[in-house]
Protein chains: 2
Amino acid sequence: MTHAFNKLTAEEAAALINHNATVGFSAFTSTAAPKTISKAIAARASAEHAAGRPFQITVLTGASTGPSLDGALVAADAVRKRTPFQSDPVMRKGINDGKVQFVDMHLSRTAPAIRAGHFGKVNWAIVEACAIDPDGTIVLTTSAGITPTIVNQAERVLIELNTYHPAALRGCHDLFEPVYPPHRQPLLVNTPSDRIGSPVLRIPPAKIAGYVECSLPDEVGGFSEPDALTQRIGHNVAEFLVAEIHAGRIPREFLPIQSGVGDTANAVLGAMGQHPEIPVFDMYTEVVQDSAVQLMRAGKLRFASTVALTITPATAQEIYQNLDAYRDRFLIRPEEISNNPEIVRRLGVISMNTAIEADLFGNVNSTHFFGRTLMNGIGGSGDFTRSAWLSIFTCPSTQKGGKISTIVPAVSHVDHVEHDVQIIVTEQGVADLRGKSPSERAAEVIEKCAHPDYQELLRNYVTLGKGAHTPHTLDKIFAFHQAFQTEGDMRKARL
Amino acid sequence: MTHAFNKLTAEEAAALINHNATVGFSAFTSTAAPKTISKAIAARASAEHAAGRPFQITVLTGASTGPSLDGALVAADAVRKRTPFQSDPVMRKGINDGKVQFVDMHLSRTAPAIRAGHFGKVNWAIVEACAIDPDGTIVLTTSAGITPTIVNQAERVLIELNTYHPAALRGCHDLFEPVYPPHRQPLLVNTPSDRIGSPVLRIPPAKIAGYVECSLPDEVGGFSEPDALTQRIGHNVAEFLVAEIHAGRIPREFLPIQSGVGDTANAVLGAMGQHPEIPVFDMYTEVVQDSAVQLMRAGKLRFASTVALTITPATAQEIYQNLDAYRDRFLIRPEEISNNPEIVRRLGVISMNTAIEADLFGNVNSTHFFGRTLMNGIGGSGDFTRSAWLSIFTCPSTQKGGKISTIVPAVSHVDHVEHDVQIIVTEQGVADLRGKSPSERAAEVIEKCAHPDYQELLRNYVTLGKGAHTPHTLDKIFAFHQAFQTEGDMRKARL
């Protein structure tokens, strides 16, 4: 179909963006991220700065992006504020150096926050599409993130028409934006494959400032193959789930799975795929990675509702060349729907996310090193964990060759509170915190999950604090962290 | 109506309960709590202990109870495990002394956890009713808590027929228990007054072991009248809400209110009631106190969906004598529905809860003193806060005559994470954390909410930690708390 929208160069598009603009970009785990316009904005920022003029923008996305967006913009010192999630090393450094003000948000709340005006007026939406119709209808690519909301809220829209992604993706999305309260109706997703929205996004033509053409794959890196450690964690999770089926706490037909991003998550999915007693299952999740597509091919994963297809170019090509076979196996939704507690609790999702560290009482840190330094952000882990039927966190019991214990007296930043975390899994074993008091949890976590090098220290910590509901001792609460900071090894904590 | 169930004395009923039993009691903020059977179980425990025999039970309730349940049972050393919430001084001491294992849960998750077997088999449900039909149908009294779930899950049921409450309460409840996932349908509460369940609870007659008669009011204490401090907090909240209407972030028709328990909550509701620019509103909450009934009488509160009518005997009599006038003004629901994130997020609830302490970055402690000692529990505050359209926490800026700052570098226990808390209100002012980074939040909290005595110390703390996303310094993170513990005054913190 032909349309009459302005064809622009990336530089012409970037020239429209002014200093202090608030710009929403389509992007989620680097999928569907505009790449040419963002790099041109970075170049424009550098030129403005060279000319002695200020140029910084607020960047709103669905989640993380690739180096052509977060990386390029921060390298050009072009970002004043950033939300809701990032994983780019240059952006991370900018945030921790205090150059970028980062707002770390639950992903299900990002679109509502934008709609409610927490980030002020949205001046521009810059969105990747694989097709544009004459009436301003676009077909999104590999993720939906906050795209409907930024398009609806923005004053103007720029489209990055990325023909790497086939226009045949039309039909693979389910786009819906709730109305403002108090006039909302239920979100009628009663099974992961239920549709409640539109496969395409209609933009008022007058709002479209133009489009820029490109043909570039998503900047999705590969993942490591599972090693002995992550395989052991995966095995522990799979065995635990099977035991839950036998105990009648997971039904025979199983429950939809949410799985986080990364090597451990891939190993867990791999172990679930291989376990003969785990039945064919669905995912209701925010990220589908290569490992999930492999499970689909193997017949173990029936259907995936996701925000993003975070897949390597090789897997993307495999899907695009066989789109008719894959078309009814997945649905790409906005994160406000995908991560919505209404649907997560209704479906009875089993959530599986990774922890940076977990403490004896079931609090989990997903975001900070030593209470200070941001890694990536909370992402959707809180949305799923709080409303899940069964909430699981995984991590290796140690890091840095044993010098760091991920099981600590108290986490240095709390993202998931003791009231939310049910199961902690390390390569050592599975701690089941359900129905347990803080003292009971501490014993369970120490004996099941902690590395043997740290068990005695952790037992000593609990003994020291006895005589209270939660046996903490504020003077010693970060003894592990302080031992690492001063002596380079948590095993040297004095407890 | 006459029925053929066994009439028992409280002692006969208590004699049915064995050592190690798991017993679910109706009770929520001391409303609808069985009083005679619980005291008889306590007496039975004492007699068993005197005879050298063990006797302890697991106590499941909707939330807190009165002295005749928690107090009496703990005084008799009869409780091994307790969930999900309590506020009784004797129970609190038992928990902090390590005699009672307390599991502090989100109230919306308590019934699902019982159903999923996290507390093992439920042997007995002991429930207060104001009427029993021949077919085993009962009418509940002043709260619904987890009553449908314990009745459905228990092997046997005992009824405490409390004729203090009129049988005319039939029709004031909306009782619904979701089926197990993955076969759930939406909870079709689209406005606070929507009904989705049954006004009565049907118990298979064979399950009913008998009933005990009594006529006793709920053990609900009075509340203090608002003083200058709580009035100031209430005023700040009301002015903030009006400003939100003017800014277009709360619609003209307003949004349903959830309000926590206690004197500050009462003062806030009072201030809302008096503010001419706050329109007539609904509540979608877990507790209706006398202050809400006053607003109903004054025409400011249109409708209240609640788990409990936590009202003094005087207010109860006023309602019971005018039940036809009040009948269509409120609905009593189980906490799994009342606090359900599905409904809270759909309705766009404004949540208002009290904090023990709040930190510079927006984390809130609702449960512990100095990280160790339990006060009451998280209750429903997390259910509402995480899914609210607007989440507000209130507290005075100091306690103990200024020796404790409730605004601290880091809270000593995290119940509500930085990602959830939007607004903090003290008598000093209103901190708006929406769309702000940790550094921006710290400045806002210090300048708007902290007591002047502590502002310089708090600014020093932030300066000390600069050079990270969250400017914490682990060595000084609890300097305020430690100064109080060693010198009796947080103002002596060295920062």
# chains A, B, ... in the order shown; residues from 1 in each chain; ligands from 1
call {"tool": "residues_around", "arguments": {"residues": "range 9-13 of chain A", "least_positions_apart": "2", "cutoff": "8 Å", "atoms": "only C-alpha atoms", "output": "list in words"}}
result
Lys7, Ala15, Leu16, Ile17, Thr36, Ile37, Ala40, Ile41, Arg44, Leu158, Gly210, Tyr211, Val212 and Glu213 of chain A
call {"tool": "interface_residues", "arguments": {"of": "chain A", "to": "chain B", "cutoff": "7 Å", "atoms": "only C-alpha atoms", "output": "PyMOL selection string"}}
result
chain A and resi 95-98+101-106+116+118-119+181-182+184-186+188+190+249+255+341-342+346-348+371-374+414-415+417+419+434-437+467-472
call {"tool": "write_last_selection", "arguments": {"atoms": "C-alpha atoms", "output": "CSV table (one decimal), in the first residue's frame"}}
result
chain,number,residue,atom,x,y,z
A,95,ILE,CA,23.0,6.8,35.9
A,96,ASN,CA,25.5,5.8,38.5
A,97,ASP,CA,27.7,8.8,37.8
A,98,GLY,CA,24.6,10.9,38.5
A,101,GLN,CA,18.2,10.7,36.6
A,102,PHE,CA,16.7,7.2,36.4
A,103,VAL,CA,13.3,6.3,37.6
A,104,ASP,CA,13.1,2.6,38.3
A,105,MET,CA,9.5,1.5,37.7
A,106,HIS,CA,7.3,-1.6,37.7
A,116,ALA,CA,-1.2,10.4,34.4
A,118,HIS,CA,4.2,11.9,36.0
A,119,PHE,CA,6.7,12.7,33.3
A,181,PRO,CA,-10.5,5.1,36.0
A,182,PRO,CA,-13.1,4.9,37.4
A,184,ARG,CA,-12.7,0.7,33.4
A,185,GLN,CA,-14.0,-2.7,32.5
A,186,PRO,CA,-12.3,-6.0,33.1
A,188,LEU,CA,-10.8,-10.2,29.5
A,190,ASN,CA,-8.8,-15.6,30.7
A,249,ARG,CA,-0.4,-27.6,44.6
A,255,LEU,CA,0.0,-23.1,35.0
A,341,PRO,CA,-1.7,-7.9,38.2
A,342,GLU,CA,-5.4,-8.5,37.2
A,346,ARG,CA,-6.4,-14.6,37.5
A,347,LEU,CA,-4.3,-17.0,35.4
A,348,GLY,CA,-2.3,-18.2,38.4
A,371,GLY,CA,22.7,-0.7,48.1
A,372,ARG,CA,24.1,2.0,45.8
A,373,THR,CA,25.0,1.0,42.3
A,374,LEU,CA,22.2,0.3,39.8
A,414,VAL,CA,14.8,-4.5,48.8
A,415,ASP,CA,12.8,-4.9,45.6
A,417,VAL,CA,9.6,-8.0,50.2
A,419,HIS,CA,5.6,-11.0,52.0
A,434,ARG,CA,5.5,-20.5,52.3
A,435,GLY,CA,3.7,-20.5,55.6
A,436,LYS,CA,6.9,-19.9,57.5
A,437,SER,CA,7.8,-17.2,60.1
A,467,GLY,CA,14.5,-12.4,70.9
A,468,ALA,CA,12.5,-10.7,68.2
A,469,HIS,CA,10.1,-11.5,65.4
A,470,THR,CA,12.8,-10.9,62.9
A,471,PRO,CA,16.2,-11.7,64.5
A,472,HIS,CA,18.2,-8.8,63.0
call {"tool": "select_by_dssp", "arguments": {"residues": "range 48-196 of chain A", "states": "alpha helix (DSSP H)", "output": "list in words"}}
result
Glu48, His49, Ala50, Ala72, Leu73, Val74, Ala75, Pro89, Val90, Met91, Arg92, Lys93, Gly94, Ile95, Asn96, Thr110, Ala111, Pro112, Ala113, Ile114, Arg115, Thr147, Pro148, Thr149, Ile150, Val151, Asn152 and Gln153 of chain A
call {"tool": "write_last_selection", "arguments": {"atoms": "C-alpha atoms", "output": "compact mmCIF listing (two decimals), in the first residue's frame"}}
result
# COMPACT_ATOMS: atom_id res chain seq x y z
CA GLU A 48 24.53 21.35 19.78
CA HIS A 49 26.92 20.84 22.69
CA ALA A 50 29.89 21.67 20.41
CA ALA A 72 24.44 6.46 21.73
CA LEU A 73 22.31 9.04 23.54
CA VAL A 74 24.20 8.80 26.84
CA ALA A 75 27.56 8.83 25.08
CA PRO A 89 26.60 -0.32 30.02
CA VAL A 90 26.92 3.30 28.90
CA MET A 91 23.50 4.21 30.26
CA ARG A 92 24.24 2.34 33.50
CA LYS A 93 27.43 4.35 33.99
CA GLY A 94 25.61 7.60 33.22
CA ILE A 95 23.00 6.80 35.87
CA ASN A 96 25.50 5.75 38.52
CA THR A 110 4.93 2.83 33.26
CA ALA A 111 2.19 3.49 30.72
CA PRO A 112 -0.29 4.55 33.45
CA ALA A 113 2.34 6.90 34.91
CA ILE A 114 2.93 8.50 31.53
CA ARG A 115 -0.81 8.81 30.97
CA THR A 147 3.92 2.00 22.27
CA PRO A 148 0.13 2.50 22.24
CA THR A 149 0.40 4.92 25.15
CA ILE A 150 3.25 7.05 23.81
CA VAL A 151 1.58 7.24 20.41
CA ASN A 152 -1.71 8.30 21.99
CA GLN A 153 -0.12 10.75 24.42
call {"tool": "residues_around", "arguments": {"residues": "range 332-335 of chain A", "least_positions_apart": "4", "cutoff": "8 Å", "atoms": "only C-alpha atoms", "output": "list in words"}}
result
Gly62, Leu107, Ser108, Thr142, Ser143, Ala144, Gly145, Ile146, Thr147, Pro148, Cys172, His173, Asp174, Leu175, Phe176, Glu286, Ser305, Thr306, Val307, Ala308, Leu309, Asn339 and Asn340 of chain A
call {"tool": "residues_around", "arguments": {"residues": "range 291-298 of chain B", "least_positions_apart": "4", "cutoff": "12 Å", "atoms": "only C-alpha atoms", "output": "PyMOL selection string"}}
result
chain B and resi 222-226+257-275+279-287+302-306+308-312+314-316+318-319+322+325-330
call {"tool": "residues_around", "arguments": {"residues": "Thr22 in chain B", "least_positions_apart": "2", "cutoff": "8 Å", "atoms": "only C-alpha atoms", "output": "JSON, numbers by chain"}}
result
{"B": [20, 24, 57, 58, 59, 60, 119, 120, 121, 122, 123, 124]}
call {"tool": "residues_around", "arguments": {"residues": "range 451-454 of chain A", "least_positions_apart": "3", "cutoff": "7 Å", "atoms": "only C-alpha atoms", "output": "number ranges by chain"}}
result
A: 397-398, 428, 457-458, 491
call {"tool": "write_last_selection", "arguments": {"atoms": "N, CA, C and O atoms", "output": "PDB file, in the first residue's frame"}}
result
ATOM      1  N   SER A 397      24.532 -19.557  44.560  1.00  0.00           N
ATOM      2  CA  SER A 397      24.693 -19.241  45.990  1.00  0.00           C
ATOM      3  C   SER A 397      25.869 -18.310  46.244  1.00  0.00           C
ATOM      4  O   SER A 397      25.917 -17.649  47.275  1.00  0.00           O
ATOM      5  N   THR A 398      26.814 -18.278  45.328  1.00  0.00           N
ATOM      6  CA  THR A 398      27.953 -17.361  45.478  1.00  0.00           C
ATOM      7  C   THR A 398      28.258 -16.709  44.137  1.00  0.00           C
ATOM      8  O   THR A 398      27.833 -17.166  43.082  1.00  0.00           O
ATOM      9  N   GLN A 428      22.487 -25.050  45.355  1.00  0.00           N
ATOM     10  CA  GLN A 428      22.522 -25.878  46.564  1.00  0.00           C
ATOM     11  C   GLN A 428      21.181 -26.550  46.827  1.00  0.00           C
ATOM     12  O   GLN A 428      21.156 -27.645  47.401  1.00  0.00           O
ATOM     13  N   LEU A 457      28.428 -18.779  59.396  1.00  0.00           N
ATOM     14  CA  LEU A 457      28.317 -17.328  59.605  1.00  0.00           C
ATOM     15  C   LEU A 457      26.851 -16.896  59.688  1.00  0.00           C
ATOM     16  O   LEU A 457      26.472 -16.087  60.534  1.00  0.00           O
ATOM     17  N   LEU A 458      26.042 -17.445  58.800  1.00  0.00           N
ATOM     18  CA  LEU A 458      24.631 -17.062  58.769  1.00  0.00           C
ATOM     19  C   LEU A 458      23.904 -17.565  60.014  1.00  0.00           C
ATOM     20  O   LEU A 458      23.069 -16.855  60.591  1.00  0.00           O
ATOM     21  N   ARG A 491      33.537 -13.968  53.305  1.00  0.00           N
ATOM     22  CA  ARG A 491      33.834 -15.017  54.299  1.00  0.00           C
ATOM     23  C   ARG A 491      34.580 -14.469  55.504  1.00  0.00           C
ATOM     24  O   ARG A 491      34.668 -15.123  56.530  1.00  0.00           O
TER      25      ARG A 491
END
call {"tool": "select_by_dssp", "arguments": {"residues": "range 255-375 of chain B", "states": "strand (DSSP E)", "output": "PyMOL selection string"}}
result
chain B and resi 257-259+281-284+287-289+301-306+308-310+330-332+350-354+357-359+364-365+368-369+373-374
call {"tool": "closest_residue", "arguments": {"among": "B:Ala45, B:Val139, B:Leu216, B:Ala154", "to": "Ala168 in chain B", "atoms": "only C-alpha atoms"}}
result
B:Val139
call {"tool": "closest_residue", "arguments": {"among": "B:Leu169, B:Ala125, B:Ala483, B:Ile208", "to": "Gln321 in chain B", "atoms": "only C-alpha atoms"}}
result
B:Leu169
call {"tool": "atom_distance", "arguments": {"atom1": "CA of Phe240 in chain A", "atom2": "CA of Gly299 in chain A"}}
result
21.8 Å
call {"tool": "atom_distance", "arguments": {"atom1": "CA of Leu360 in chain B", "atom2": "CA of Ala442 in chain B"}}
result
4.5 Å
call {"tool": "atom_distance", "arguments": {"atom1": "CA of Thr367 in chain B", "atom2": "CA of Val408 in chain B"}}
result
15.3 Å
call {"tool": "residues_around", "arguments": {"residues": "Ile138 in chain A", "least_positions_apart": "3", "cutoff": "7 Å", "atoms": "only C-alpha atoms", "output": "MDAnalysis selection string"}}
result
chainID A and resid 129 131:133 200:202
